[in-house]
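Reviewing the structure listed below.
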Amino acid sequence: MEERDIMEKLNSEQQKAVAATEGPVLILAGAGSGKTRVLVHRIAYLIDVLGVSPGSILAITFTNKAADEMRSRVDSIVGFGSKEVWVSTFHSLCVRILRRYADLIGYTRYFSIYDTDDQLTLMKNLFKQRGTDPKRMREKAVLARISSAKDELIGPAKYRELNRDQFGQEIAGLYEAYNTRLKESNAMDFDDLILKTVELFEQHPEVLDVYQERFRYLMVDEYQDTNTAQFRFVSLLAGKYRNLCVVGDDDQSIYKFRGANIRNILGFETIFPDAEVVRLEQNYRSTQNILNAAYEVIRHNHGRKSKKLWTENPVGTKVRLRRFANGFEEAEFICGEIMREVRAHTHACKDYAILYRTNAQSRLFEEKMLMANLPYRIVGGINFYSRKEVKDLLAYLKTIDNAVDDLQAMRIINIPKRGIGAATIGRIANYAESGGISFFEAACEADRIPGLGSAAVRKVTGFTDFIGVLRARAEGQKISEILKSVVEGTGYVEELRKEETEEAENRIGNIDELISKAVQYEEHASEPTLSGFLEEVALIADIDSLDDTDDRVLLMTLHSAKGLEFPVVYMAGMEEGLFPSGMSINAFNPEEEIEEERRLCYVGITRAKESLTMTSARERMLRGEITESRLSRFVREIPRELVDVGDEEVLRPAGRTLNLTGRGADGAMRNAILGKAESAGRPPYDRDGDRGTIRESLYVSPYKKAGTPGKTEPDFGVGDTVRHVKFGDGVVKEIKDGGKDYLVTVDFPAWGIKKMYASFAKLKRV
DNA sequence: TATATAGTGTTTTTT
DNA sequence: ACACTATATA
C-alpha cells in the first residue's frame, strides 16, 4: 500500500500519529477514537512507506483478543511480511523470551506457570508449614501484597527493609519462602513472568542487546494500564533506539488494583521530554448524547489530562434510567426488553451487552435469560481452565512435563482415589524436604521412606509407575494422545459416568472440550510442545475466546468490557455501595478509589454506540442479606436534561406509597414535588441523598406497574400438562412459591426438566 | 482413610 | 448465599 492509501481514510490527528515514527510518541486516544486503526496503519506505514523490516516491529497489547484482532487487521492491509510483525501480550512475549534463556536465571525451559489457584494452594501449604494462623492474616491478602511488591519490582529483601512493622516482617518471610518454593518447583507466577524478564535483561546485557536490536519499533497499547515492572520492561527494550510509541487514555485506567501505575501515562512527557504528543479526540463510536453523558461523569475527576471528545455522529436518544424494587425485577426488565426487541427483529442478540460491576450479579441475569430463551454468554467468572476436572488433568500434564512441580504432583497423587491420605503425603513431603529432592522424586523412592507401610508403598508406586509410563510415551506423542492416555489410565471419565448426575455429565463434557482444545492447539501451533500447550492454557483469558460472529447477548463485568463496543448497552446495578463499590467508599483514600470507579463508569458508558440504559435496584441481596441502596452518584452526575427517566416517574414521601392512578390519585402532591424539584434546577434524583429525611425519588418500573400484585396463582396444578412457547408440552412436576412469582418445575419430553416462573414463562394449561 | 455435618467467613474488578 | 474448613463418625 502506498502512503496516499494509508493516510486517505484518517483524520489529520490520526495521520500525525501514524507518521510520527521516530523517537518517543504519546498518543492520547479517547474512547472510540480509532486507536487500533491508528496502530494498524502505523505498522503499515513503517513497512510499506519507510521500508522497515516487519520482523523488527513489536506491538504489545493486554489481551490475546486485542493481539489477534490487530494481527489480522495488519494482515489485511500490509502487502507482505505481515506474519513477521510481532504482536503479543506482555505475558506471552515474556514467556517466549524466558523459555529461551531460562537457564541463565536458574530455571529450565519447562518451567510451569502458576495461576491464582496454584498460588493459593502454595500459600496455604506455607501457612501450615510455618504455623501461620490464617485467622491472623489471610492467604489471599498475603498473596496480594506479594503481587503488588512484584509489580513494583520489590524483592523479599527490599520488602523486609520497607516494612519494618511486625506484619511486614512476617509477610516478608512468607514472600521469601513463597519465592523459594516457586523456584524449587521450576515455576513462575504471573507477576514473575514480567519480573524475571526484567531481571534477565538487567543481569545479562547481551540478552537485552539481542532484543533491542530485534525490536527497533515498539508500540504499547492500553498504556494507562501498565505497571512499574511492565514500564521497566518496555524502557529497557526501547532503551537503545528509543522508538517507543505508547497509546492510552488516562480516563480509562481501571487496573490500579493490579498494579497499573497511572503515572506511567501522566508522566510520560516528564520521562521523555522530547516526546511528541498526539491527541485523538474525535469519536467514531457513540451518539452525542452518550458521549455527553460520559463527559459529564468523567469531568468530576481531578488530575486528568483535560480533553473532550466530540463526534459527528447523530444526537441519538437520551440515556435511559430505570429504577426497580430489587435486582430480580431489574433483570426481568432488561431481559424482557431484549427479548421483545429481538423478536421484533429490531436488533440481533449480539447487539446487546449487559454490564455490571461484580461477577456475582450475573446470576440473576442468567436465570432470566434462560427463562426468556435468549442465547447469551457470560464472560469471566469461573474460567473453563479452573474447573476441577480440567485442573486435575492439566496437573497430570504438568507433572509429566515438569517433574519437579510439587504442587501438581501433590494434587493428583490421590486422584483418582488411590487410598493415599494426608499422612502418607506428609511423610513423602518430609522425606523430599530432608533429602532436598522434589516431591515426585521422593515418591519414586517410596520404599525407602520411613513410616510408610507396605500397602502405602504399593499405592504410591502404582502412581509413580503410571506417570513413568506416560512420560516415556509422551516423547513424540501428540498432546491430545497423552491426554487421552491420562483419561483412560486414571479412569476419570468412567468414574464420573457412574455418578449419573447432570453435574458429572457436565464434567465429562468439559474433559471432551479440553481434549479438543489440545487438538486445536496441535493444529495451529507452529511447533507444538507440551509446555507450549500448558502455557497457552495458562495465559488465556475468557474474553480472548469471544467470537463476534456468534449471536448471543453478552454479560460481563465493566472491566471485561474495556476495548469492546455494542449498539445497545445496559449498565446494571447503578447503586451506591455496589458501583461505586463499598470498598472504594470506605477506603482510607476514598477520593482516589472513587475516581478509579468513575473511570470504570466512563469505560462502561463509552461502550455504547446507539443506546445506553442504566438501571438500579432499591434493594439488593448482598452476601446473604438484603441491603437498601441509593442511586449511584455517577448517575446523579449526569444532568437531568440528558436523561430519560421513564414516563412513570413519581416521587413519594418516605415510608408511604403514592397512589398515582385512578380516583384519589395524589396528583397534586406529585406535581408539587416534581415542580419544586425542577424549578430548583436540580434533577429529582439529585436529592436521593436525603434518603430517610424528607423524601426520595422513585422511578417505577414501566415493566411492572406499581401496586400490581407480584404474582397470580397459576391455573394448573401438579400433574397437569402445560404448553410453553419454546419447549412445547410438558407435565408439571412441582409448584413452589418463589417469592415474586410461582416457581414451576416442568418435565418437557423433548427438553428435559426445566424450572421457570409461571407468569413470566406464560405457561398455558392444555 | 473417607465421608457427612456443622460452623465459619467472604467478595470488587483480572493478565 | 455460598464455599470452604474443621470436626465427628463409620
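Following the order of the C-alpha cells, chains are lettered A, B, ..., residues in each are numbered from 1, and ligands are numbered from 1.
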Using only C-alpha atoms (C1' of nucleotides) and a cut-off of 7 Å, which residues of chain B sit close to chain A? Please list them as a VMD selection string.
chain B and resid 1 12 to 13
Go ahead and write the selection's residues with N, CA and C atoms (P, O5', C5', C4', C3', O3' and C1' of nucleotides) as a PDB file, in the first residue's frame.
ATOM      1  P    DT B   1      -3.773 -42.556  55.668  1.00  0.00           P
ATOM      2  O5'  DT B   1      -5.293 -42.844  55.275  1.00  0.00           O
ATOM      3  C5'  DT B   1      -5.629 -44.021  54.550  1.00  0.00           C
ATOM      4  C4'  DT B   1      -7.098 -43.946  54.242  1.00  0.00           C
ATOM      5  C3'  DT B   1      -7.508 -42.653  53.538  1.00  0.00           C
ATOM      6  O3'  DT B   1      -8.149 -43.025  52.327  1.00  0.00           O
ATOM      7  C1'  DT B   1      -8.957 -43.128  55.349  1.00  0.00           C
ATOM      8  P    DT B  12     -14.081  -7.313  47.945  1.00  0.00           P
ATOM      9  O5'  DT B  12     -14.611  -8.034  46.601  1.00  0.00           O
ATOM     10  C5'  DT B  12     -15.899  -7.702  46.187  1.00  0.00           C
ATOM     11  C4'  DT B  12     -15.912  -7.454  44.703  1.00  0.00           C
ATOM     12  C3'  DT B  12     -14.934  -8.280  43.909  1.00  0.00           C
ATOM     13  O3'  DT B  12     -15.655  -8.810  42.821  1.00  0.00           O
ATOM     14  C1'  DT B  12     -14.530  -5.963  43.549  1.00  0.00           C
ATOM     15  P    DT B  13     -15.214  -9.643  41.730  1.00  0.00           P
ATOM     16  O5'  DT B  13     -14.591  -8.471  40.874  1.00  0.00           O
ATOM     17  C5'  DT B  13     -14.969  -8.317  39.524  1.00  0.00           C
ATOM     18  C4'  DT B  13     -14.135  -7.242  38.907  1.00  0.00           C
ATOM     19  C3'  DT B  13     -12.856  -7.770  38.292  1.00  0.00           C
ATOM     20  O3'  DT B  13     -13.121  -8.056  36.945  1.00  0.00           O
ATOM     21  C1'  DT B  13     -12.513  -5.705  39.472  1.00  0.00           C
TER      22       DT B  13
END
Taking 5 positions as the minimum chain separation for residues in the same chain, which residues sit within 12 Å of DC4 in chain C when counting only C-alpha atoms (C1' of nucleotides)? Answer as a PyMOL selection string.
chain B and resi 7-10
For the residues in that selection, give me N, CA, C and O atoms (P, O5', C5', C4', C3', O3' and C1' of nucleotides) as a PDB file, in the first residue's frame.
ATOM      1  P    DG B   7     -23.147 -25.981  64.704  1.00  0.00           P
ATOM      2  O5'  DG B   7     -21.900 -25.171  64.135  1.00  0.00           O
ATOM      3  C5'  DG B   7     -20.585 -25.569  64.523  1.00  0.00           C
ATOM      4  C4'  DG B   7     -19.581 -24.749  63.739  1.00  0.00           C
ATOM      5  C3'  DG B   7     -19.847 -23.238  63.806  1.00  0.00           C
ATOM      6  O3'  DG B   7     -18.606 -22.608  64.042  1.00  0.00           O
ATOM      7  C1'  DG B   7     -19.654 -23.926  61.561  1.00  0.00           C
ATOM      8  P    DT B   8     -18.547 -21.180  64.602  1.00  0.00           P
ATOM      9  O5'  DT B   8     -17.684 -20.456  63.462  1.00  0.00           O
ATOM     10  C5'  DT B   8     -16.458 -21.055  62.999  1.00  0.00           C
ATOM     11  C4'  DT B   8     -16.150 -20.513  61.626  1.00  0.00           C
ATOM     12  C3'  DT B   8     -16.376 -19.004  61.505  1.00  0.00           C
ATOM     13  O3'  DT B   8     -15.117 -18.362  61.499  1.00  0.00           O
ATOM     14  C1'  DT B   8     -17.159 -20.219  59.578  1.00  0.00           C
ATOM     15  P    DG B   9     -15.044 -16.807  61.629  1.00  0.00           P
ATOM     16  O5'  DG B   9     -14.873 -16.390  60.113  1.00  0.00           O
ATOM     17  C5'  DG B   9     -13.821 -16.972  59.341  1.00  0.00           C
ATOM     18  C4'  DG B   9     -14.080 -16.699  57.881  1.00  0.00           C
ATOM     19  C3'  DG B   9     -14.208 -15.216  57.551  1.00  0.00           C
ATOM     20  O3'  DG B   9     -13.506 -14.992  56.340  1.00  0.00           O
ATOM     21  C1'  DG B   9     -16.102 -16.362  56.772  1.00  0.00           C
ATOM     22  P    DT B  10     -12.894 -13.592  56.071  1.00  0.00           P
ATOM     23  O5'  DT B  10     -13.132 -13.464  54.510  1.00  0.00           O
ATOM     24  C5'  DT B  10     -13.171 -14.648  53.713  1.00  0.00           C
ATOM     25  C4'  DT B  10     -14.146 -14.449  52.577  1.00  0.00           C
ATOM     26  C3'  DT B  10     -14.249 -13.003  52.083  1.00  0.00           C
ATOM     27  O3'  DT B  10     -14.142 -13.015  50.681  1.00  0.00           O
ATOM     28  C1'  DT B  10     -16.386 -13.856  52.444  1.00  0.00           C
TER      29       DT B  10
END
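Going from CA of Gly55 in chain A to CA of Met70 in chain A covers 15.4 Å.
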Looking only at the backbone, which of the residues in range 5-242 of chain A does DSSP tag as strand (DSSP E or B), as a ChimeraX atom specification?
/A:25-29,57-61,86-89,112-114,187-189,217-220,227
Please identify all polymer residues within 12 Å of DA8 in chain C, counting only C-alpha atoms (C1' of nucleotides), omitting same-chain residues fewer than 6 positions from it, and present them as a ChimeraX atom specification.
/B:3-6
What would the file look like if the residues just selected were written as a PDB file, in the first residue's frame with all heavy atoms?
ATOM      1  P    DT B   3     -15.218 -41.148  49.981  1.00  0.00           P
ATOM      2  OP1  DT B   3     -15.971 -41.967  49.012  1.00  0.00           O
ATOM      3  OP2  DT B   3     -14.420 -39.989  49.536  1.00  0.00           O
ATOM      4  O5'  DT B   3     -16.233 -40.641  51.086  1.00  0.00           O
ATOM      5  C5'  DT B   3     -17.162 -41.564  51.656  1.00  0.00           C
ATOM      6  C4'  DT B   3     -17.895 -40.877  52.781  1.00  0.00           C
ATOM      7  O4'  DT B   3     -16.935 -40.388  53.751  1.00  0.00           O
ATOM      8  C3'  DT B   3     -18.711 -39.654  52.350  1.00  0.00           C
ATOM      9  O3'  DT B   3     -20.055 -39.872  52.734  1.00  0.00           O
ATOM     10  C2'  DT B   3     -18.106 -38.493  53.114  1.00  0.00           C
ATOM     11  C1'  DT B   3     -17.450 -39.195  54.286  1.00  0.00           C
ATOM     12  N1   DT B   3     -16.328 -38.466  54.925  1.00  0.00           N
ATOM     13  C2   DT B   3     -16.408 -38.192  56.273  1.00  0.00           C
ATOM     14  O2   DT B   3     -17.355 -38.515  56.970  1.00  0.00           O
ATOM     15  N3   DT B   3     -15.326 -37.526  56.788  1.00  0.00           N
ATOM     16  C4   DT B   3     -14.190 -37.115  56.098  1.00  0.00           C
ATOM     17  O4   DT B   3     -13.304 -36.538  56.678  1.00  0.00           O
ATOM     18  C5   DT B   3     -14.185 -37.429  54.697  1.00  0.00           C
ATOM     19  C7   DT B   3     -13.018 -37.037  53.869  1.00  0.00           C
ATOM     20  C6   DT B   3     -15.239 -38.089  54.167  1.00  0.00           C
ATOM     21  P    DA B   4     -21.221 -39.007  52.127  1.00  0.00           P
ATOM     22  OP1  DA B   4     -22.202 -39.946  51.558  1.00  0.00           O
ATOM     23  OP2  DA B   4     -20.667 -37.913  51.308  1.00  0.00           O
ATOM     24  O5'  DA B   4     -21.855 -38.364  53.447  1.00  0.00           O
ATOM     25  C5'  DA B   4     -22.218 -39.205  54.528  1.00  0.00           C
ATOM     26  C4'  DA B   4     -22.384 -38.351  55.775  1.00  0.00           C
ATOM     27  O4'  DA B   4     -21.086 -37.857  56.184  1.00  0.00           O
ATOM     28  C3'  DA B   4     -23.266 -37.113  55.570  1.00  0.00           C
ATOM     29  O3'  DA B   4     -24.209 -37.060  56.628  1.00  0.00           O
ATOM     30  C2'  DA B   4     -22.296 -35.939  55.594  1.00  0.00           C
ATOM     31  C1'  DA B   4     -21.175 -36.480  56.465  1.00  0.00           C
ATOM     32  N9   DA B   4     -19.859 -35.902  56.166  1.00  0.00           N
ATOM     33  C8   DA B   4     -19.224 -35.854  54.952  1.00  0.00           C
ATOM     34  N7   DA B   4     -18.031 -35.302  54.994  1.00  0.00           N
ATOM     35  C5   DA B   4     -17.878 -34.969  56.326  1.00  0.00           C
ATOM     36  C6   DA B   4     -16.825 -34.351  57.027  1.00  0.00           C
ATOM     37  N6   DA B   4     -15.694 -33.942  56.453  1.00  0.00           N
ATOM     38  N1   DA B   4     -16.989 -34.158  58.355  1.00  0.00           N
ATOM     39  C2   DA B   4     -18.130 -34.566  58.936  1.00  0.00           C
ATOM     40  N3   DA B   4     -19.178 -35.157  58.386  1.00  0.00           N
ATOM     41  C4   DA B   4     -18.984 -35.328  57.064  1.00  0.00           C
ATOM     42  P    DT B   5     -25.368 -36.007  56.666  1.00  0.00           P
ATOM     43  OP1  DT B   5     -26.511 -36.642  57.357  1.00  0.00           O
ATOM     44  OP2  DT B   5     -25.517 -35.434  55.318  1.00  0.00           O
ATOM     45  O5'  DT B   5     -24.772 -34.883  57.625  1.00  0.00           O
ATOM     46  C5'  DT B   5     -24.527 -35.187  58.999  1.00  0.00           C
ATOM     47  C4'  DT B   5     -23.787 -34.024  59.622  1.00  0.00           C
ATOM     48  O4'  DT B   5     -22.517 -33.853  58.979  1.00  0.00           O
ATOM     49  C3'  DT B   5     -24.519 -32.685  59.466  1.00  0.00           C
ATOM     50  O3'  DT B   5     -24.915 -32.239  60.743  1.00  0.00           O
ATOM     51  C2'  DT B   5     -23.490 -31.754  58.826  1.00  0.00           C
ATOM     52  C1'  DT B   5     -22.179 -32.489  59.046  1.00  0.00           C
ATOM     53  N1   DT B   5     -21.141 -32.222  58.030  1.00  0.00           N
ATOM     54  C2   DT B   5     -19.934 -31.687  58.451  1.00  0.00           C
ATOM     55  O2   DT B   5     -19.698 -31.415  59.611  1.00  0.00           O
ATOM     56  N3   DT B   5     -19.022 -31.472  57.444  1.00  0.00           N
ATOM     57  C4   DT B   5     -19.193 -31.733  56.096  1.00  0.00           C
ATOM     58  O4   DT B   5     -18.299 -31.501  55.300  1.00  0.00           O
ATOM     59  C5   DT B   5     -20.477 -32.293  55.725  1.00  0.00           C
ATOM     60  C7   DT B   5     -20.760 -32.619  54.292  1.00  0.00           C
ATOM     61  C6   DT B   5     -21.382 -32.514  56.701  1.00  0.00           C
ATOM     62  P    DA B   6     -25.922 -31.049  60.937  1.00  0.00           P
ATOM     63  OP1  DA B   6     -26.956 -31.465  61.901  1.00  0.00           O
ATOM     64  OP2  DA B   6     -26.303 -30.525  59.622  1.00  0.00           O
ATOM     65  O5'  DA B   6     -24.958 -30.010  61.652  1.00  0.00           O
ATOM     66  C5'  DA B   6     -24.167 -30.420  62.776  1.00  0.00           C
ATOM     67  C4'  DA B   6     -23.036 -29.431  62.968  1.00  0.00           C
ATOM     68  O4'  DA B   6     -22.141 -29.488  61.835  1.00  0.00           O
ATOM     69  C3'  DA B   6     -23.507 -27.977  63.083  1.00  0.00           C
ATOM     70  O3'  DA B   6     -22.819 -27.383  64.170  1.00  0.00           O
ATOM     71  C2'  DA B   6     -23.125 -27.362  61.753  1.00  0.00           C
ATOM     72  C1'  DA B   6     -21.885 -28.165  61.377  1.00  0.00           C
ATOM     73  N9   DA B   6     -21.613 -28.255  59.939  1.00  0.00           N
ATOM     74  C8   DA B   6     -22.461 -28.640  58.942  1.00  0.00           C
ATOM     75  N7   DA B   6     -21.916 -28.638  57.746  1.00  0.00           N
ATOM     76  C5   DA B   6     -20.624 -28.232  57.979  1.00  0.00           C
ATOM     77  C6   DA B   6     -19.520 -28.030  57.115  1.00  0.00           C
ATOM     78  N6   DA B   6     -19.570 -28.224  55.797  1.00  0.00           N
ATOM     79  N1   DA B   6     -18.355 -27.609  57.675  1.00  0.00           N
ATOM     80  C2   DA B   6     -18.300 -27.418  58.997  1.00  0.00           C
ATOM     81  N3   DA B   6     -19.259 -27.583  59.905  1.00  0.00           N
ATOM     82  C4   DA B   6     -20.403 -27.991  59.325  1.00  0.00           C
TER      83       DA B   6
END
Just want the 7 Å neighbourhood of range 611-619 of chain A, counted on only C-alpha atoms (C1' of nucleotides), with same-chain residues fewer than 4 positions away dropped. Output as a ChimeraX atom specification.
/A:317,319-327,330,567-575,626-631
Rank A:Val18, A:Val247, A:Met621, A:Ala353 by their smallest atom-to-atom distance to chain C, using only C-alpha atoms (C1' of nucleotides), and report the top residue only.
A:Met621
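In this structure, CA of Val766 in chain A sits 11.7 Å away from CA of Gly717 in chain A.
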Can you pull out every residue from range 453-611 of chain A that DSSP, working from the backbone, puts in alpha helix (DSSP H), and format the result as a PyMOL selection string?
chain A and resi 454-474+479-490+492-499+502-524+530-539+558-561+582-585+590-605
